[in-house]
Amino acid sequence: MLVYAAMALGRLPGLALDRCGAAVLGAIVLVASGLMPVQAAWNAADVPTLALLFGLMVVSAQLRLGGFYTAVSRSLVTAAASPVGLLARIMLAVAVLSAFLANDIVCLAMAPIVVEATRGRGLNPLPYLIGVAMAANIGSAGTLIGNPQNMLLGQVAHLSFSGYAAEVWPCVAVSLIMAWGLTVWAWRGRFAGPVISLRVDAPAWNPWQSAKGLAALAVCLSAFVWGGVPRENVALACAGALLLSRRMASRETLALVDWQLLLLFLGLFVVNKEVAAAGFLDDLHRGLLAWGIDLARPAWLYAVTAALSNVVSNVPAVMLLLPGHESPGQATLLAVSSTLAGNLLLPGSIANLIVAGQAEGPGVRLGFWEHARVGVPAALIGLAASGWWLLR
């Protein structure tokens, strides 16, 4: 259980070991000690999910290197719009992009440009950065490829790509509108800031490379919607085609793949297999039942997922709760709850931390309380409205 203690704390006290390192170390200990044979550890990994995640990361990396995110970001922020209107445009664009591309890379690419543009227009970048983080989380809940936990749930529960999107789009729409409105209210009268000229280093717009990435994404989405071919096969085929380039070095593309996230998944697959085999999951369910919390009831599953996602982060939370809750309805609850819960607190989502980290480069500090004053009410209202819709 030390692995999940590290998930909750973000690291193990006294050690420079983060969540990914703890998951990998936990898997290493199990294999090296002989508690789990190497073959059993490999069999514990959901290889199709890892393959799907890797393939879509390559597609998103292609678009970033092709300057697609740069072009979209700069076109949004240079258009004439009021401060409130600009916030709406940015949040809508981020939500749409995050629904179909890795939301972490969307944040990684767009956050610095948002700082550059808002500073140049004499605007306070903080409400816009908060808007980017919240919209990335909300938008990623809209499809089965918007974030890693949704990819896992879609694969394990065999969810319909179009069926899932049709069921959850009202949740996404309401949550996005509420997040925008609360951001406007929280920062009313404080949108203005000093005019500061800066230039962020970002990949230049390359029409051909961006077109290749968009074509690969279109192929993936078409195959996902119509079915017939395993999703991971399509994603890997598109990734392989993109790596066959005369101009763009595969080293650059692969450098943008989130290997830490892939290793986190791999480590948790191994650790969770041992957790289940040792009966810890049964103990967890019995302990919760003693407190009157029955995870077999959809409302409790939805609420516990949201709470646990802010304790150990959303990916570990979903992986811990998924065994025994693989039905389509339960998987949908896990997906929406774990994703929207990421807006509650700054450490609750990797996307939030990426935005905060990218803002530090241009000299903007997005702190815990600045995020919480908008994130807490936005997450709670979004979770309540979405829970009502899904559990009705």
# chains A, B, ... in the order shown; residues from 1 in each chain; ligands from 1
call {"tool": "residues_around", "arguments": {"residues": "Val184 (chain A)", "least_positions_apart": "3", "cutoff": "10 Å", "atoms": "only C-alpha atoms", "output": "list in words"}}
result
Pro83, Val84, Gly85, Leu87, Ala88, Pro127, Tyr128, Gly131, Met178, Ala179, Trp180, Gly181, Trp187, Arg188, Gly189, Arg190, Phe191 and Val374 of chain A
call {"tool": "residues_around", "arguments": {"residues": "Gly240 (chain A)", "least_positions_apart": "3", "cutoff": "12 Å", "atoms": "only C-alpha atoms", "output": "ChimeraX atom specification"}}
result
/A:51,54-59,62,213,216,233-237,243-245,250,253-254
call {"tool": "write_last_selection", "arguments": {"atoms": "N, CA and C atoms", "output": "JSON list (two decimals), in the first residue's frame"}}
result
[["chain", "number", "residue", "atom", "x", "y", "z"],
["A", 51, "ALA", "N", -1.14, 0.43, -25.94],
["A", 51, "ALA", "CA", -0.90, 0.66, -27.37],
["A", 51, "ALA", "C", -1.77, 1.81, -27.89],
["A", 54, "PHE", "N", -0.31, 5.10, -26.53],
["A", 54, "PHE", "CA", 0.92, 5.46, -27.23],
["A", 54, "PHE", "C", 0.61, 5.98, -28.63],
["A", 55, "GLY", "N", -0.24, 5.29, -29.37],
["A", 55, "GLY", "CA", -0.55, 5.72, -30.73],
["A", 55, "GLY", "C", -1.15, 7.10, -30.80],
["A", 56, "LEU", "N", -2.08, 7.40, -29.91],
["A", 56, "LEU", "CA", -2.71, 8.72, -29.91],
["A", 56, "LEU", "C", -1.75, 9.80, -29.43],
["A", 57, "MET", "N", -0.82, 9.45, -28.56],
["A", 57, "MET", "CA", 0.20, 10.41, -28.14],
["A", 57, "MET", "C", 1.08, 10.81, -29.33],
["A", 58, "VAL", "N", 1.40, 9.86, -30.19],
["A", 58, "VAL", "CA", 2.21, 10.17, -31.38],
["A", 58, "VAL", "C", 1.44, 11.11, -32.31],
["A", 59, "VAL", "N", 0.15, 10.86, -32.49],
["A", 59, "VAL", "CA", -0.67, 11.74, -33.34],
["A", 59, "VAL", "C", -0.68, 13.15, -32.78],
["A", 62, "GLN", "N", 2.65, 14.87, -33.28],
["A", 62, "GLN", "CA", 2.79, 15.31, -34.67],
["A", 62, "GLN", "C", 2.15, 16.69, -34.86],
["A", 213, "GLY", "N", -1.01, 15.15, -39.44],
["A", 213, "GLY", "CA", -1.53, 14.82, -38.12],
["A", 213, "GLY", "C", -3.06, 14.82, -38.10],
["A", 216, "ALA", "N", -4.37, 11.72, -39.84],
["A", 216, "ALA", "CA", -4.26, 10.54, -38.97],
["A", 216, "ALA", "C", -5.37, 10.55, -37.92],
["A", 233, "ASN", "N", -5.18, -1.04, -32.81],
["A", 233, "ASN", "CA", -4.55, -1.33, -34.10],
["A", 233, "ASN", "C", -4.55, -0.10, -35.00],
["A", 234, "VAL", "N", -5.69, 0.59, -35.02],
["A", 234, "VAL", "CA", -5.80, 1.79, -35.85],
["A", 234, "VAL", "C", -4.84, 2.87, -35.36],
["A", 235, "ALA", "N", -4.82, 3.10, -34.05],
["A", 235, "ALA", "CA", -3.95, 4.13, -33.49],
["A", 235, "ALA", "C", -2.48, 3.82, -33.77],
["A", 236, "LEU", "N", -2.09, 2.57, -33.62],
["A", 236, "LEU", "CA", -0.70, 2.19, -33.88],
["A", 236, "LEU", "C", -0.36, 2.34, -35.37],
["A", 237, "ALA", "N", -1.28, 1.97, -36.25],
["A", 237, "ALA", "CA", -1.03, 2.11, -37.68],
["A", 237, "ALA", "C", -0.83, 3.58, -38.06],
["A", 243, "LEU", "N", 5.46, 8.32, -38.22],
["A", 243, "LEU", "CA", 6.89, 8.20, -37.95],
["A", 243, "LEU", "C", 7.70, 8.02, -39.23],
["A", 244, "LEU", "N", 7.05, 7.58, -40.32],
["A", 244, "LEU", "CA", 7.72, 7.43, -41.61],
["A", 244, "LEU", "C", 7.73, 8.79, -42.31],
["A", 245, "SER", "N", 8.62, 9.65, -41.88],
["A", 245, "SER", "CA", 8.68, 11.02, -42.40],
["A", 245, "SER", "C", 10.08, 11.34, -42.92],
["A", 250, "SER", "N", 11.96, 11.21, -36.16],
["A", 250, "SER", "CA", 11.18, 10.42, -35.21],
["A", 250, "SER", "C", 11.61, 10.68, -33.78],
["A", 253, "THR", "N", 9.49, 13.46, -32.43],
["A", 253, "THR", "CA", 8.11, 13.03, -32.17],
["A", 253, "THR", "C", 8.04, 12.17, -30.92],
["A", 254, "LEU", "N", 8.92, 11.20, -30.82],
["A", 254, "LEU", "CA", 8.89, 10.29, -29.68],
["A", 254, "LEU", "C", 9.27, 10.99, -28.38]]
call {"tool": "closest_residue", "arguments": {"among": "A:Arg373, A:Arg199, A:His158, A:Arg74", "to": "Thr332 (chain A)", "atoms": "only C-alpha atoms"}}
result
A:His158
call {"tool": "closest_atom_pairs", "arguments": {"of": "region 312-358 of chain A", "to": "region 272-291 of chain A", "cutoff": "10 Å", "atoms": "only C-alpha atoms", "output": "CSV"}}
result
residue,atom,partner,partner_atom,distance
A:Pro316,CA,A:Asn272,CA,9.4
A:Met319,CA,A:Asn272,CA,7.5
A:Leu320,CA,A:Asn272,CA,6.8
A:Leu321,CA,A:Leu281,CA,8.4
A:Pro323,CA,A:Ala276,CA,8.4
A:Gly324,CA,A:Leu281,CA,9.7
call {"tool": "write_last_selection", "arguments": {"atoms": "N, CA, C and O atoms", "output": "mmCIF file, in the first residue's frame"}}
result
data_model
loop_
_atom_site.group_PDB
_atom_site.id
_atom_site.type_symbol
_atom_site.label_atom_id
_atom_site.label_comp_id
_atom_site.auth_asym_id
_atom_site.auth_seq_id
_atom_site.Cartn_x
_atom_site.Cartn_y
_atom_site.Cartn_z
ATOM 1 N N PRO A 316 -4.877 6.554 -11.001
ATOM 2 C CA PRO A 316 -4.830 5.494 -9.976
ATOM 3 C C PRO A 316 -6.196 5.194 -9.364
ATOM 4 O O PRO A 316 -6.494 4.032 -9.047
ATOM 5 N N MET A 319 -8.115 2.969 -11.766
ATOM 6 C CA MET A 319 -7.531 1.628 -11.814
ATOM 7 C C MET A 319 -7.825 0.836 -10.543
ATOM 8 O O MET A 319 -7.960 -0.387 -10.582
ATOM 9 N N LEU A 320 -7.948 1.523 -9.422
ATOM 10 C CA LEU A 320 -8.249 0.845 -8.161
ATOM 11 C C LEU A 320 -9.714 0.431 -8.085
ATOM 12 O O LEU A 320 -10.037 -0.644 -7.569
ATOM 13 N N LEU A 321 -10.608 1.276 -8.614
ATOM 14 C CA LEU A 321 -12.044 1.013 -8.499
ATOM 15 C C LEU A 321 -12.600 0.185 -9.647
ATOM 16 O O LEU A 321 -13.702 -0.368 -9.534
ATOM 17 N N PRO A 323 -11.913 -2.870 -11.036
ATOM 18 C CA PRO A 323 -12.277 -4.280 -10.857
ATOM 19 C C PRO A 323 -13.644 -4.426 -10.195
ATOM 20 O O PRO A 323 -13.909 -3.851 -9.141
ATOM 21 N N GLY A 324 -14.530 -5.175 -10.859
ATOM 22 C CA GLY A 324 -15.878 -5.355 -10.340
ATOM 23 C C GLY A 324 -16.861 -4.303 -10.804
ATOM 24 O O GLY A 324 -18.050 -4.382 -10.499
#
call {"tool": "residues_around", "arguments": {"residues": "Ala335 (chain A)", "least_positions_apart": "5", "cutoff": "8 Å", "atoms": "only C-alpha atoms", "output": "ChimeraX atom specification"}}
result
/A:141,149-150,153,318
call {"tool": "residues_around", "arguments": {"residues": "Leu35 (chain A)", "least_positions_apart": "2", "cutoff": "12 Å", "atoms": "only C-alpha atoms", "output": "count of residues only"}}
result
20
call {"tool": "closest_atom_pairs", "arguments": {"of": "region 275-339 of chain A", "to": "region 348-358 of chain A", "cutoff": "12 Å", "atoms": "only C-alpha atoms", "output": "Markdown table"}}
result
| residue | atom | partner | partner_atom | distance |
| --- | --- | --- | --- | --- |
| A:Ala306 | CA | A:Gly348 | CA | 10.0 |
| A:Ala307 | CA | A:Gly348 | CA | 10.1 |
| A:Leu308 | CA | A:Gly348 | CA | 9.8 |
| A:Ser309 | CA | A:Gly348 | CA | 6.8 |
| A:Asn310 | CA | A:Gly348 | CA | 4.9 |
| A:Val311 | CA | A:Gly348 | CA | 7.7 |
| A:Val312 | CA | A:Gly348 | CA | 8.2 |
| A:Ser313 | CA | A:Gly348 | CA | 5.5 |
| A:Asn314 | CA | A:Ser349 | CA | 7.0 |
| A:Val315 | CA | A:Ser349 | CA | 9.2 |
| A:Pro316 | CA | A:Ser349 | CA | 11.4 |
| A:Ala317 | CA | A:Gly348 | CA | 11.0 |
| A:Ser338 | CA | A:Ser349 | CA | 9.5 |
| A:Thr339 | CA | A:Ser349 | CA | 8.2 |
call {"tool": "residues_around", "arguments": {"residues": "Pro328 (chain A)", "least_positions_apart": "3", "cutoff": "7 Å", "atoms": "only C-alpha atoms", "output": "list in words"}}
result
Ala157, Leu159, Ala331 and Thr332 of chain A
call {"tool": "write_last_selection", "arguments": {"atoms": "N, CA, C and O atoms", "output": "compact mmCIF listing (two decimals), in the first residue's frame"}}
result
# COMPACT_ATOMS: atom_id res chain seq x y z
N ALA A 157 -14.31 -1.89 -20.68
CA ALA A 157 -15.77 -2.04 -20.65
C ALA A 157 -16.38 -2.15 -22.05
O ALA A 157 -17.60 -2.28 -22.18
N LEU A 159 -16.87 0.07 -24.37
CA LEU A 159 -17.85 1.13 -24.58
C LEU A 159 -17.91 1.54 -26.04
O LEU A 159 -16.88 1.59 -26.72
N ALA A 331 -18.73 2.04 -15.94
CA ALA A 331 -17.55 2.63 -16.56
C ALA A 331 -17.79 4.08 -16.95
O ALA A 331 -16.90 4.93 -16.81
N THR A 332 -18.98 4.39 -17.41
CA THR A 332 -19.31 5.78 -17.76
C THR A 332 -19.29 6.67 -16.52
O THR A 332 -18.78 7.79 -16.55
call {"tool": "residues_around", "arguments": {"residues": "Ala165 (chain A)", "least_positions_apart": "3", "cutoff": "6 Å", "atoms": "only C-alpha atoms", "output": "ChimeraX atom specification"}}
result
/A:142-143,162,168-169
call {"tool": "closest_residue", "arguments": {"among": "A:Thr70, A:Asn137, A:Ser197, A:Ser75", "to": "Met91 (chain A)", "atoms": "only C-alpha atoms"}}
result
A:Asn137
call {"tool": "closest_residue", "arguments": {"among": "A:Val132, A:Val115, A:Leu262, A:Leu182", "to": "Val195 (chain A)", "atoms": "only C-alpha atoms"}}
result
A:Val115
